[in-house]
Amino acid sequence: MARLRVGVLISGRGSNLQALIEAAADPDFPAEIVLVVANQGDAGGLAHAKASGIRTETINHRAFNAKQGFEASIDATLRGARIDLVCLAGFMRILSSWFVERWRDRLINIHPSLLPAFKGLDTHERVLASGTRFSGCTVHFVRPDVDDGPTIVQAVVPVMPGDSQETLAARVLAAEHRCYPLAVRLIAEGRVQIRDERVDIVGAMPPAEVMMFNPVG
Ligand code: GAR
């Protein structure tokens, strides 16, 4: 069966991109990463893509007078590559509702908190300041409001006494690297259905997947 054609949008380091590339290196993985688009040429993740022979494009938002031109360029590039699913992986530009609606239900994002809690920037700093005992990550379909949309996969991690932003971020990031490939796989397998803006996962879940939804360590 043809693999789902995935395009990944990044702004920086690209460790989630790398997790997707590694998952897709397995020929049994039902999706392939065919294109990586960065909005700045110094995005570290571009090197991950190039090292794996994946096509990269840099579309710099600063080269456009208005957001519409920037987004139209990304849109045309994705369509030209016959992309089925777009993954935002540390893409730090807010996309307009024009773009979001054009890719509705084919555009997903990862955020380093248990949404709908702690939307926006400086997530780990605000989690620590709040005193909450748990954080985590969320993979969700993108809607026009920032960090909003139906949840596909979440993982919980503990907030430990003495955590800094860096130690908490590293713990959450390890969970992100498991959740993003899982979400893409579930979509590629046709097991993700959106009903009334909530996601149903079709089919029984093997224990390993359940652990990813709620990992213990
Ligand atoms: C990840 O922690 C991701 O969840 C976060 O940026 C980081 C990107 O890391 N995204 C957001 O905060 C979006 N609101 P990466 O470039 O190594 O994947």
# chains A, B, ... in the order shown; residues from 1 in each chain; ligands from 1
>>> select_by_dssp(residues="range 52-164 of chain A", states="strand (DSSP E)", output="list in words")
Arg55, Thr56, Glu57, Thr58, Leu85, Val86, Cys87, Leu88, Leu107, Ile108, Asn109, Ile110, His111, Phe134, Ser135, Gly136, Cys137, Thr138, Val139, His140, Phe141, Thr151, Ile152, Val153, Gln154, Ala155, Val156, Val157 and Pro158 of chain A
>>> residues_around(residues="range 113-119 of chain A", least_positions_apart="5", cutoff="7 Å", atoms="only C-alpha atoms", output="PyMOL selection string")
chain A and resi 135-138+147+154
>>> residues_near_ligand(ligand="ligand 1", cutoff="6 Å", atoms="only C-alpha atoms and all ligand atoms", output="JSON, numbers by chain")
{"A": [12, 13, 14, 15, 16, 17, 89, 90, 110, 111, 112, 120, 173]}
>>> residues_around(residues="Asp42 in chain A", least_positions_apart="4", cutoff="12 Å", atoms="only C-alpha atoms", output="number ranges by chain")
A: 10-14, 37-38, 46-47, 57-60
>>> write_last_selection(atoms="N, CA, C and O atoms", output="CSV table (one decimal), in the first residue's frame")
chain,number,residue,atom,x,y,z
A,10,ILE,N,9.5,23.1,10.1
A,10,ILE,CA,10.3,23.4,11.3
A,10,ILE,C,10.8,24.8,11.3
A,10,ILE,O,10.8,25.5,10.3
A,11,SER,N,11.3,25.2,12.5
A,11,SER,CA,11.9,26.5,12.7
A,11,SER,C,13.3,26.3,13.3
A,11,SER,O,14.1,27.3,13.2
A,12,GLY,N,13.6,25.2,13.9
A,12,GLY,CA,14.8,25.1,14.7
A,12,GLY,C,15.5,23.7,14.7
A,12,GLY,O,15.7,23.1,13.7
A,13,ARG,N,15.8,23.3,15.9
A,13,ARG,CA,16.6,22.1,16.2
A,13,ARG,C,16.1,20.9,15.4
A,13,ARG,O,16.9,20.1,14.9
A,14,GLY,N,14.8,20.6,15.4
A,14,GLY,CA,14.3,19.5,14.6
A,14,GLY,C,14.5,18.1,15.2
A,14,GLY,O,14.6,17.1,14.5
A,37,VAL,N,10.2,21.7,5.3
A,37,VAL,CA,10.2,23.2,5.0
A,37,VAL,C,10.6,23.9,6.3
A,37,VAL,O,10.0,23.7,7.3
A,38,ALA,N,11.6,24.8,6.2
A,38,ALA,CA,12.0,25.6,7.3
A,38,ALA,C,11.8,27.1,7.0
A,38,ALA,O,11.9,27.5,5.8
A,46,LEU,N,17.3,21.1,9.4
A,46,LEU,CA,17.5,20.9,7.9
A,46,LEU,C,18.6,19.9,7.7
A,46,LEU,O,18.6,19.1,6.7
A,47,ALA,N,19.6,19.9,8.6
A,47,ALA,CA,20.7,18.9,8.5
A,47,ALA,C,20.2,17.5,8.6
A,47,ALA,O,20.7,16.6,8.0
A,57,GLU,N,13.4,22.7,1.8
A,57,GLU,CA,13.1,24.0,1.2
A,57,GLU,C,13.2,25.0,2.4
A,57,GLU,O,12.7,24.7,3.5
A,58,THR,N,13.8,26.1,2.2
A,58,THR,CA,13.7,27.2,3.1
A,58,THR,C,12.8,28.3,2.5
A,58,THR,O,13.1,28.8,1.4
A,59,ILE,N,11.8,28.6,3.3
A,59,ILE,CA,10.9,29.7,2.8
A,59,ILE,C,10.9,30.7,4.0
A,59,ILE,O,10.2,30.5,5.0
A,60,ASN,N,11.7,31.8,3.8
A,60,ASN,CA,11.9,32.7,4.9
A,60,ASN,C,10.8,33.7,5.0
A,60,ASN,O,10.5,34.4,4.0
>>> atom_distance(atom1="CA of Arg62 in chain A", atom2="CA of Met92 in chain A")
13.4 Å
>>> atom_distance(atom1="CA of Leu78 in chain A", atom2="CA of Ala31 in chain A")
15.6 Å
>>> atom_distance(atom1="CA of Ala72 in chain A", atom2="CA of Phe99 in chain A")
7.9 Å
